[in-house]
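In what follows, a structure is listed as C-alpha cells, so that the remarks can point back to it.
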Amino acid sequence: MTLNRRAFIGASVAAGATLSAPMVMGASHGKPRVVVVGGGAGGATAARYIAKDSKGEIDVVLIEPTRTYYTCFFSNLYIGGFRDLSSIAHSYGTLASEYGINVVHDWAIGIDRDAKTVSLAGGGSVPYDRLILSPGIDFVDGAVPGWSTLAQNKMPHAYKAGSQSELLKAQIEAMPQGGTYVMVAPPNPYRCPPGPYERISMVAHKLKAENPTAKIIIADPKEKFSKQGLFEEGWNTHYAGMIERIGPDFGGANVEVNPDEMTVNLDGEVIKADVVNVIPAMKAGRICELADITEGNWAPVSGHTMQSRVDENIHVLGDATSQGDMPKSGFSANSQAKVAAMAVRGALTGSRVFPAKFSNTCWSLIDTDDGVKVGATYEATDEKIAKVDGFISQTGEDAAMRKTTYEESVGWYEGITADMFG
Amino acid sequence: MKRILGTLILIGAAYASPGWAEEQAEEIGDATRGAQVYKKCSGCHQVGANAVNRTGPHLNGIYGRKPASVEGFFYSKGLERAAADGLEWDLEHLDAYLENPKALVSGTRMSFRGLKDPQDRHDVLAYLRQFSANPQDIPESAPTMVAREVELPPEILAIVGDPAYGEYLSSECQTCHQKDGSDKGIPSITRWPEEDFVIAMHAYKRKIRPHPVMQMMAGRLSDEEIAALAAYFKELE
Ligand SMILES: Cc1cc2nc3c(=O)[nH]c(=O)nc-3n(C[C@H](O)[C@H](O)[C@H](O)COP(=O)(O)OP(=O)(O)OC[C@H]3O[C@@H](n4cnc5c(N)ncnc54)[C@H](O)[C@@H]3O)c2cc1C
C-alpha cells in the first residue's frame, strides 16, 4: 500500500467527499475533535470508548496506515500452529460504521503542538482539541550491531505482527533437519515481557513435531525474565534438551549479526544459523519523537489521565509511554485507553470523571493446553502508575488448571478484540 | 459462636487437647441430628457402603475429594472449572457450597437452594464426615478452623448501585468478559440478578471462590463499587 493514498471509510464518507485536497478538516459544527494516532490496542480502544460514550458530542478521527491490524497477542500462537493468521486479523469497519469514527488510513508524519494539528503523509493536516498518541514501538537504531530494519526480511523480528510473523514461520518451516534457530532477545523495557519466551515455547512446539533434532539458542542480555520459573519448568517438561539460553554472564549481551552470511557472533563465537530472530531494543513509536514529547526512549505521562508530562493536550497510551509499574502489553494499553477516554470526555464535554484504575494480565502458552498467567492491578499516584496487588501462576500446577488458564486466554482474546474493534 | 464480620462464624474451640479430633467432630455439629438433615440430600445423593451415583454423585470420602472427580458422573462445567481453579472440598468450602451452591459455583447443576441454618449445615457435615477415610485426619477440624458464610449482611445487599459509576468500572471487566454475553473460556456476567452478582463478587473478594484473577479484581472493589457493577451489568442486553 502506498503511503500517500488516503482513504475514508464509513460514516464520514459523505463529509470526506466535500473536503478539498490537500485535506484540511476544519473544526466541524463547533464539536470538539479528538484525533487518535495509531489504531492498535491503545488507540482503537480509546477511539471506540470516546465515540461510544460521548454519543456524538465529540468528533473522533482515527489515523492508522494499515487496513488490517494483526494483533501481536496470539501471533506467537500463530507461529506455533495454534491459530491461523486470519484469526488474528481485524479491520476498522465496525469502528467507522457503528461508532461513526472517521478512520483515515494514512501515516501521521508531524505534529504542530502550537497550532494543534497533525500532518499526514498523504498531505494536509487535521486539527485537534485533544490528541491521543498510541503508536506502539519502533526499534532503537544500531541496538544489535549488523542489524537494521533493512535486514528484517533476512532476520525477522516478528515483533510487529503480520507479514513479519508469516516470514518467521515460513523460515522455521524451511529449516533443515537438525538446524539452528537463534533468538536475539531484547533488553528491558520492551513490549510484552513474556513475549520472547512464549515465542521460544511456540517455536519449540513446532520444531518438536517437525524437526525434533533442531536446536534453539537464545542470546539474552537480561539476567532474569518474566515468568522465568514457569517457562523453564515447561521447557524441561516439554522440550528437554532443545533450548539453550545464554545470559549476560556468558556473553548473551555481546552479540553481533551478519544477515548476509546468516551468522551470529555471540561473545566471539560465530554461530551459523538457519533462522535468526532479532528482537532489538525498543523505543516509543517515532511520531512521539517528532512531537517532541519523549524523554530518553519513551513518552512520560501522568497516570491520572495519561496526559503527556510535556503537553497537556496530548495523551499517550500503551507501549510508547513511560508511566511507572505497568508492563508494556496489549492489556495495559487497553486499560490505559479507558482512563484516557474518560479524562478526555471530562475535559471536552464535562462528563463525570472517576479515579483512574488499571489492570493487566498476560497469559502465555508453553505447550498444548499448558497456559500460565501473571497479572496485577494498579492505581495512579502523582508520581506514577503504581502496582497495588498481583498474582502469578505457580510451578507444579496440575494439567486441568493449566488447561483452564489457556481456555481463559482464548476468552480474553475474544473479549479484548471486541473491546478494541466493536 | 462468635460473630466476626457480619455473618462470619467461628467453628471449633481454640484449644487442642489429647483426643481433640473426636471432640472437634462433635463441635462441627451433631452427626446424629445430621443424619436427619441428610434426608434433604438423599433424594439425590447416596452415601455409605455400595453408594452409587444418582441425580448427584455419591458422597463417600467427600472431605478432601477433588470437586467434580467421581468417575462416570456428568458434572456441570461450572463445578469442573471451579475444581480446575483449585477449589477443594474442605469444611470451609463444603459449608459455603451447602449454604448457597450457586454463590460458590455458579452454573452448578445441583438444584438445591441451600441450607440457610448454619446448625443444619454443621450437623449434616458432621454426618458426612463419618463417610470419609480417616476422619480424624481431616485438616478442617483443626482447632483454629474458621468457616465463613457467603451470606452477606443485609446492609451490603441493600446498597443501591450507581449504574453510571458501574459503567466506568465495567470497562475494566470488558477486557475479559464480553458485553454481548459470549462465554468462550470466560463466563458471561451480563443480566444476572443483582444479588447473585454481589454475592459472587464478595465470594471472590473474601477468597472463598478460588480464582486468582477474580480475587484480585474483586479484592480492590468497595461494597459500593460492587453494587454499582451489579446494577450496570444487570441492565446489559
Ligand atoms: C509476540 C508478541 C506477543 C504479545 N503477546 C501479548 C499478550 O499475550 N498479551 C498482551 O496483553 N500483550 C501482548 N503483546 C503486546 C501488545 O501487542 C502490545 O503491548 C500492544 O499492541 C501495545 O498497544 P499500542 O496501542 O501501544 O501499540 P500497537 O498495538 O502496536 O498499535 C500501534 C498502531 O499505531 C500505528 N502507527 C504507528 N505509527 C503511526 C503513525 N505515525 N501514524 C499513524 N499510525 C501509526 C501502527 O500501524 C499500529 O497499528 C505481545 C506483543 C508481541 C510482539
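By order in the C-alpha cells, chains are A, B, ...; within a chain, residues start at 1; ligands start at 1, following the order shown.
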
Interface list for chain A, partner chain B, 8 Å threshold, only C-alpha atoms, as a list in words: Phe331, Asn334, Ser335, Lys338, Phe354, Phe358, Ser359, Gly375, Ala376, Thr377, Asp389, Gly390, Phe391, Ala400, Met401, Thr404, Glu407, Glu408, Ser409, Val410, Gly411, Trp412, Tyr413, Glu414, Gly415, Ile416, Ala418 and Asp419 of chain A

Neighbourhood of ligand 1 at 7 Å, counting only C-alpha atoms and all ligand atoms, reported as a ChimeraX atom specification: /A:37-43,63-66,69,71-76,106-109,134-137,158-161,191-192,195-196,199,285-287,317-320,328-333,361-364

Interatomic distance (Å, one decimal) between CA of Pro32 in chain A and CA of Ser322 in chain A: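 Between CA of Pro32 in chain A and CA of Ser322 in chain A the gap is 27.7 Å.
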
Neighbour list for Leu59 in chain B as a ChimeraX atom specification, cut-off 10 Å, only C-alpha atoms, skip fewer than 6 positions in-chain: /B:45-48,51-53,65,70,128-129,131-132

Determine, counting only C-alpha atoms, which protein, DNA and RNA residues have an atom within 6 Å of an atom of Pro163 in chain B; residues of the same chain fewer than 5 positions away are not included. Present the result as a compact mmCIF listing (two decimals) with N, CA, C and O atoms, in the first residue's frame.
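Result written to out_31.txt:
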# COMPACT_ATOMS: atom_id res chain seq x y z
N ALA B 228 -22.46 -1.04 42.31
CA ALA B 228 -22.57 -0.26 41.06
C ALA B 228 -22.41 -1.17 39.85
O ALA B 228 -23.15 -1.06 38.87
N ALA B 231 -25.47 -3.30 39.36
CA ALA B 231 -26.56 -2.51 38.78
C ALA B 231 -26.34 -2.31 37.29
O ALA B 231 -27.28 -2.39 36.49
N TYR B 232 -25.10 -2.10 36.90
CA TYR B 232 -24.83 -1.86 35.49
C TYR B 232 -24.99 -3.15 34.66
O TYR B 232 -25.66 -3.16 33.64

Expected answer as a PyMOL selection string: helix (DSSP H, G or I) residues in range 66-292 of chain A: chain A and resi 75-80+85-88+93-97+149-151+163-173+195-210+228-238+248-250+286-290

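The protein and nucleic acid residues lying at most 9 Å from Glu210 in chain A are A:Glu173, A:Gln177, A:His205, with only C-alpha atoms considered and sequence neighbours fewer than 5 positions away removed.
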
DSSP-assigned strand (DSSP E or B) members of range 331-421 of chain A, reported as a VMD selection string: chain A and resid 357 to 367 370 to 380 385 to 392

Residue nearest Ile226 in chain B among B:Val198, B:Ile156, B:Ala68, B:Leu125 (counting only C-alpha atoms):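 Of B:Val198, B:Ile156, B:Ala68, B:Leu125, the one nearest Ile226 in chain B is B:Val198, counting only C-alpha atoms.
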